[in-house]
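A.B. asks: One structure is given below, represented as structure tokens, and several questions about it will come after.
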2 protein chains.
Amino acid sequence: MTETASRPTLEAVAARAGVSRATVSRVVNGGDGVREPLVERVRRAVEELGYVPNQAARSLVTRRHDAVAVVIAEPETRVFADPFFALQLRGISKELTAHDNQLVLLLTEGRADHARVARYLAGGHVDGALVFSLHLDDPLPGLIQGAGVPTVFGGRPGWSDGTRDVVYVDSDNRGGAREAVRHLVGLGRTRVAHLTGPLDQTSAADRLEGFRDVRGDADPRLVVESDFTPGGGERAMRELLDRCPDVDAVFAANDLTASGALRVLREHGRRVPEDVAVVGFDDMLPVAEQTDPPLTTVRQDIEEMGRIMARLLLRGLDRGTTTTDDTPDASPSGVVLPTTLVRRASA
Amino acid sequence: MTETASRPTLEAVAARAGVSRATVSRVVNGGDGVREPLVERVRRAVEELGYVPNQAARSLVTRRHDAVAVVIAEPETRVFADPFFALQLRGISKELTAHDNQLVLLLTEGRADHARVARYLAGGHVDGALVFSLHLDDPLPGLIQGAGVPTVFGGRPGWSDGTRDVVYVDSDNRGGAREAVRHLVGLGRTRVAHLTGPLDQTSAADRLEGFRDVRGDADPRLVVESDFTPGGGERAMRELLDRCPDVDAVFAANDLTASGALRVLREHGRRVPEDVAVVGFDDMLPVAEQTDPPLTTVRQDIEEMGRIMARLLLRGLDRGTTTTDDTPDASPSGVVLPTTLVRRASA
DNA sequence: GACCCTCGCGAGAGCGCTCTCATCCCCCCT
DNA sequence: AGGGGGGATGAGAGCGCTCTCGCGAGGGTC
């Protein structure tokens, strides 16, 4: 029998403690400007009554919600096939929790949902938004900026017309890719190929850039477009082997692609890493450690990324109210997190 | 420059449409009992002003939030290494969205967070909760029931003292396990082993039960306890090979465990499925399809599970207010979803 | 010792909405 | 044609909280 009896209100606590509502409110919100004995008395009353503030009533007047929306645009199932978002969410959750904020999760499924999300954000239900938009042509970021809600993006938004400041957090995809390719080169490999991700995603585009930074002069046939999936990796690897049978190193845009490539390599009797060295990207644990041989890859600290996104948003919330914070010394609009090369057996 | 100008209120819409607040409210909430021309006029005013109801004000009086908490207790990192929750969340999100409910995500990290979650739920910030508790000794479910919030559990809660009705949704772990083992037996295998999951989780315990249903009389050495991880699978498989070198079939409690077992089998020169047939559980795509050979496994529809959980909760919310709904014809307290065997190459 | 300033506390107004009532109008029934 | 009923609309209270003010008490200064 769960009590339908209504929860105690501020009023009730005030009555019990023999003080005014205002004083209880002060104590509940930090207790500044209230003398110790009173604070104590109120605390006890709160305790005894099991009082919990009514967030709706509070929000109504403060216009604060202590809630942040996390928007994950998920055009593809792939997104959910890897633990990327889960880790990111964990980081976000930790940071939010530490600052007493709630996490409202908004998953979008196609265009129809965009309007819904935009309306929700515009409705002022949350204090800010953390948005993951992976595609260059995604209209969502624009809509969200239009909603006038402080926002931090996860991953560099492809869309950047320069007219607005965009705050984002991203891994150093380009630098990581460079490191991966340099490692391959350092191994003495001369025919280094790259299996890209879908190039309409900034992460994939940036990794390709990194590859080009080191091997800009490479045979263009050594770059094969793929799609971040194992199946795509297989296809791309087949094509690569077909085009350039003499390839001796492969930098795959992510671990899943690498796993597909590995399979095809084995199938073709190429030894890894002896004949062909392979490096992945992400360090997706269940994949990278399970491949045969275990994958050398570029690790990014995904959880930390989430944490920093949340931190940035919360910090922005504290000072300004809008995204376009125009203090000249405003925090950098893009935070890029370092990556590290994890050496296993494949390269 | 995002407008700090306050959003239009009901009052403003009423003024513009030349009607009373009450009428606008009626229109906004469905328009019943308002004549067509008026409805039209109000709709237009809403449109022109870009009015969005203030949820806080609304909740304050209705005591409804149109929000549901999803609580994921995450004692282990493992939980996040597989896409299980992501899929579940997706299903939940879809259903919630379809009913205009928001999803508040509560991730817990250890005991300290339990109190936080309990307080939050007790605080009446959400209308109900969807809870994933995986461990037998988890105190969270109890706390949550204490909070007096309508709740649906994901997975059969180990804890069940029988004093309360518990609504939960689960896969047919036991039946799926039976099917897997029968498949192995049907292949003519006689020395069928089981690598269990952590037995303090009901899913693992249920799968073991399923195994026993078919092979209750099996040599006890054929059951090796493991932990749902690839590493654990390797260890368990080694031990199994050590104990029973003549084993000719393995039912692993999940795909990750199977992948570890597969590796050890290969290492020991056993051919799969010729020498040893292997079946997993979960049909975790990035894993099950990537193993060598591809894994025969038991699939559960995880997304559907999430959807059903949400549906159950929402339905309960509509009629009663408490968990302990005492209508005699109440919906079943446990919904068990079917599983299907997916045949690939490993068995 | 009188003055002023400060600090602690209480009173009261309202945040934007819903919902109950009372009112009013129109239509139907006799 | 008059009365009654019912449905459509408006008025107003109040949900639980915060926050501004004002008042009173205490301490410092000369």
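In the structure tokens, each chain is lettered A, B, ... as it comes, each chain's residues begin at 1, and ligands are numbered from 1 in order of appearance.
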Please find the residues of chain C near chain B - the criterion being any atom within 7 Å, counting only C-alpha atoms (C1' of nucleotides) - and write them as a list in words.
C.D. replies: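 Selected residues: DG16, DC17 and DT18 of chain C.
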A.B. asks: Which residues of chain A come within 6 Å of chain B, and for each one, what is the closest pair of atoms and their distance in Å to one decimal, counting only C-alpha atoms, sorted by chain and residue number, as CSV?
C.D. replies:
```
residue,atom,partner,partner_atom,distance
A:Thr2,CA,B:Gly148,CA,5.0
A:Val52,CA,B:Gly123,CA,5.4
A:Ala56,CA,B:Ala56,CA,4.5
A:Ala57,CA,B:Leu60,CA,5.7
A:Leu60,CA,B:Ala56,CA,5.4
A:Ala81,CA,B:Pro83,CA,5.8
A:Pro83,CA,B:Ala81,CA,5.8
A:Leu103,CA,B:Leu105,CA,5.5
A:Val104,CA,B:Val104,CA,4.5
A:Leu105,CA,B:Leu103,CA,5.5
A:Gly123,CA,B:Val52,CA,5.4
A:Gly148,CA,B:Thr2,CA,5.0
```
A.B. asks: Keeping only N, CA, C and O atoms, write those residues as a tab-separated table (two decimals), in the first residue's frame.
C.D. replies:
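Contents of part_37.tsv, freshly written:
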```
chain	number	residue	atom	x	y	z
A	2	THR	N	1.05	1.80	-1.11
A	2	THR	CA	1.85	3.01	-1.19
A	2	THR	C	0.97	4.19	-0.84
A	2	THR	O	-0.12	4.33	-1.37
A	52	VAL	N	10.66	16.33	0.67
A	52	VAL	CA	11.43	16.46	-0.56
A	52	VAL	C	10.79	17.59	-1.36
A	52	VAL	O	9.59	17.57	-1.59
A	56	ALA	N	8.57	20.84	-9.47
A	56	ALA	CA	7.71	21.59	-10.39
A	56	ALA	C	7.45	22.98	-9.84
A	56	ALA	O	7.58	23.99	-10.54
A	57	ALA	N	7.11	23.03	-8.58
A	57	ALA	CA	6.83	24.32	-7.96
A	57	ALA	C	8.08	25.20	-8.00
A	57	ALA	O	8.03	26.39	-8.29
A	60	LEU	N	8.85	26.45	-11.46
A	60	LEU	CA	7.86	27.44	-11.89
A	60	LEU	C	8.36	28.85	-11.59
A	60	LEU	O	8.19	29.76	-12.37
A	81	ALA	N	25.09	-0.23	-32.12
A	81	ALA	CA	25.75	-1.52	-32.09
A	81	ALA	C	27.08	-1.42	-31.35
A	81	ALA	O	27.67	-2.42	-30.99
A	83	PRO	N	29.38	0.40	-28.14
A	83	PRO	CA	29.13	0.94	-26.79
A	83	PRO	C	29.49	2.41	-26.66
A	83	PRO	O	29.53	2.95	-25.58
A	103	LEU	N	19.17	13.91	-16.18
A	103	LEU	CA	19.47	13.65	-17.58
A	103	LEU	C	18.19	13.21	-18.30
A	103	LEU	O	17.64	12.15	-18.00
A	104	VAL	N	17.76	14.01	-19.22
A	104	VAL	CA	16.57	13.65	-20.00
A	104	VAL	C	17.06	13.17	-21.36
A	104	VAL	O	17.72	13.91	-22.09
A	105	LEU	N	16.75	11.93	-21.66
A	105	LEU	CA	17.27	11.34	-22.88
A	105	LEU	C	16.29	11.48	-24.04
A	105	LEU	O	15.14	11.06	-23.94
A	123	GLY	N	10.53	24.46	-25.60
A	123	GLY	CA	9.52	24.56	-24.55
A	123	GLY	C	10.10	24.90	-23.19
A	123	GLY	O	9.38	25.13	-22.25
A	148	GLY	N	17.12	28.09	-29.12
A	148	GLY	CA	17.63	29.01	-28.12
A	148	GLY	C	17.98	28.38	-26.80
A	148	GLY	O	17.79	28.96	-25.74
```
A.B. asks: Nearest to Ile302 of chain A among A:Glu47, A:Asp172, A:Glu36, A:Glu179, with distances taken over only C-alpha atoms: which residue is it?
C.D. replies: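 Smallest distance to Ile302 of chain A is found for A:Asp172.
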A.B. asks: Dump as a list in words the residues of chain D that approach chain A to within 7 Å, counting only C-alpha atoms (C1' of nucleotides).
C.D. replies: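 Selected residues: DG16, DC17 and DT18 of chain D.
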A.B. asks: Can you spit out the residues from that selection as a PDB file, in the first residue's frame, using N, CA and C atoms (P, O5', C5', C4', C3', O3' and C1' of nucleotides)?
C.D. replies:
```
ATOM      1  P    DG D  16       0.410  21.283  -2.638  1.00  0.00           P
ATOM      2  O5'  DG D  16       1.899  21.824  -2.667  1.00  0.00           O
ATOM      3  C5'  DG D  16       2.824  21.278  -3.576  1.00  0.00           C
ATOM      4  C4'  DG D  16       3.985  22.228  -3.708  1.00  0.00           C
ATOM      5  C3'  DG D  16       4.660  22.593  -2.388  1.00  0.00           C
ATOM      6  O3'  DG D  16       6.042  22.345  -2.537  1.00  0.00           O
ATOM      7  C1'  DG D  16       4.172  24.539  -3.629  1.00  0.00           C
ATOM      8  P    DC D  17       7.087  22.620  -1.439  1.00  0.00           P
ATOM      9  O5'  DC D  17       7.755  23.930  -2.025  1.00  0.00           O
ATOM     10  C5'  DC D  17       8.580  23.808  -3.165  1.00  0.00           C
ATOM     11  C4'  DC D  17       8.709  25.138  -3.863  1.00  0.00           C
ATOM     12  C3'  DC D  17       9.630  26.140  -3.181  1.00  0.00           C
ATOM     13  O3'  DC D  17      10.937  25.976  -3.741  1.00  0.00           O
ATOM     14  C1'  DC D  17       7.645  27.164  -4.052  1.00  0.00           C
ATOM     15  P    DT D  18      12.150  26.683  -3.038  1.00  0.00           P
ATOM     16  O5'  DT D  18      12.068  28.155  -3.665  1.00  0.00           O
ATOM     17  C5'  DT D  18      12.262  28.312  -5.043  1.00  0.00           C
ATOM     18  C4'  DT D  18      12.138  29.767  -5.414  1.00  0.00           C
ATOM     19  C3'  DT D  18      13.177  30.689  -4.778  1.00  0.00           C
ATOM     20  O3'  DT D  18      13.512  31.650  -5.752  1.00  0.00           O
ATOM     21  C1'  DT D  18      11.030  31.458  -4.215  1.00  0.00           C
TER      22       DT D  18
END
```
A.B. asks: Using only C-alpha atoms (C1' of nucleotides), determine which residues lie at most 12 Å from DT20 of chain D, disregarding the query and same-chain residues fewer than 6 positions distant; provide the list as a list in words.
C.D. replies: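 Residues near the query, excluding close chain neighbours: Ala22 of chain A; DA11, DG12, DA13 and DG14 of chain C.
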A.B. asks: Quote the spacing between atom CA of Val39 of chain B and atom C1' of DA11 of chain D in Å to one decimal place.
C.D. replies: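 Atom C1' of DA11 of chain D lies at a distance of 19.9 Å from atom CA of Val39 of chain B.
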A.B. asks: As a list in words, please: the residues near segment 180-184 of chain B (cut-off 9 Å, only C-alpha atoms (C1' of nucleotides), same-chain neighbours under 5 positions excluded).
C.D. replies: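 The neighbour list is Gly175, Arg189, Thr190, Val192, His194, Gly210, Phe211, Val214, Arg215, Ala249, Val250, Phe251, Ala277, Val278, Val279, Gly280, Phe281, Thr296, Thr297, Val298, Leu341 and Ala347 of chain B.
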A.B. asks: When you look at segment 4-9 of chain D with a cut-off of 8 Å (counting only C-alpha atoms (C1' of nucleotides)), what residues show up, excluding the ones that are within fewer than 5 positions of it in the same chain? I need them as a count of residues only.
C.D. replies: 5
A.B. asks: Might you pull out every residue within 10 Å of Glu304 of chain A, with only C-alpha atoms (C1' of nucleotides) counted and same-chain residues fewer than 5 positions away left off, and present them as a list in words?
C.D. replies: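 Skipping anything fewer than 5 positions along the chain leaves Leu87, Gln88, Arg90, Gly91, Ile92, Glu95, Met309, Ala310 and Leu337 of chain A.
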A.B. asks: Now that the selection is made, can you save its residues with C-alpha atoms as a PDB file, in the first residue's frame?
C.D. replies:
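Resulting contents of selection-v8.pdb:
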```
ATOM      1  CA  LEU A  87      30.122   5.168 -22.405  1.00  0.00           C
ATOM      2  CA  GLN A  88      29.473   8.723 -23.327  1.00  0.00           C
ATOM      3  CA  ARG A  90      27.981   7.286 -18.408  1.00  0.00           C
ATOM      4  CA  GLY A  91      30.427  10.155 -18.398  1.00  0.00           C
ATOM      5  CA  ILE A  92      27.639  12.646 -18.833  1.00  0.00           C
ATOM      6  CA  GLU A  95      29.064  14.790 -14.191  1.00  0.00           C
ATOM      7  CA  MET A 309      30.631  17.941 -22.481  1.00  0.00           C
ATOM      8  CA  ALA A 310      28.500  18.035 -19.391  1.00  0.00           C
ATOM      9  CA  LEU A 337      40.661  15.335 -26.519  1.00  0.00           C
TER      10      LEU A 337
END
```
A.B. asks: Near DC3 of chain C, counting only C-alpha atoms (C1' of nucleotides), which residues have an atom at most 12 Å away, once you skip same-chain residues fewer than 3 positions from it, shown as number ranges by chain?
C.D. replies: D: 27-30
A.B. asks: Go through segment 47-252 of chain B and collect every residue that DSSP, computed from the backbone, puts in alpha helix (DSSP H); the answer should be as a PyMOL selection string.
C.D. replies: chain B and resi 47-49+55-62+78-81+84-98+111-122+140-146+173-186+202-215+230-243
A.B. asks: Taking the DSSP secondary structure from the backbone, can you list the residues of segment 25-271 of chain B that are strand (DSSP E or B), as number ranges by chain?
C.D. replies: B: 67-73, 102-108, 128-132, 135, 151-154, 168-171, 192-195, 201, 223-224, 249-252
A.B. asks: Any idea what the distance is between atom CA of Asp66 of chain B and atom CA of His135 of chain B?
C.D. replies: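 Atom-to-atom, atom CA of Asp66 of chain B to atom CA of His135 of chain B, that is 29.1 Å.
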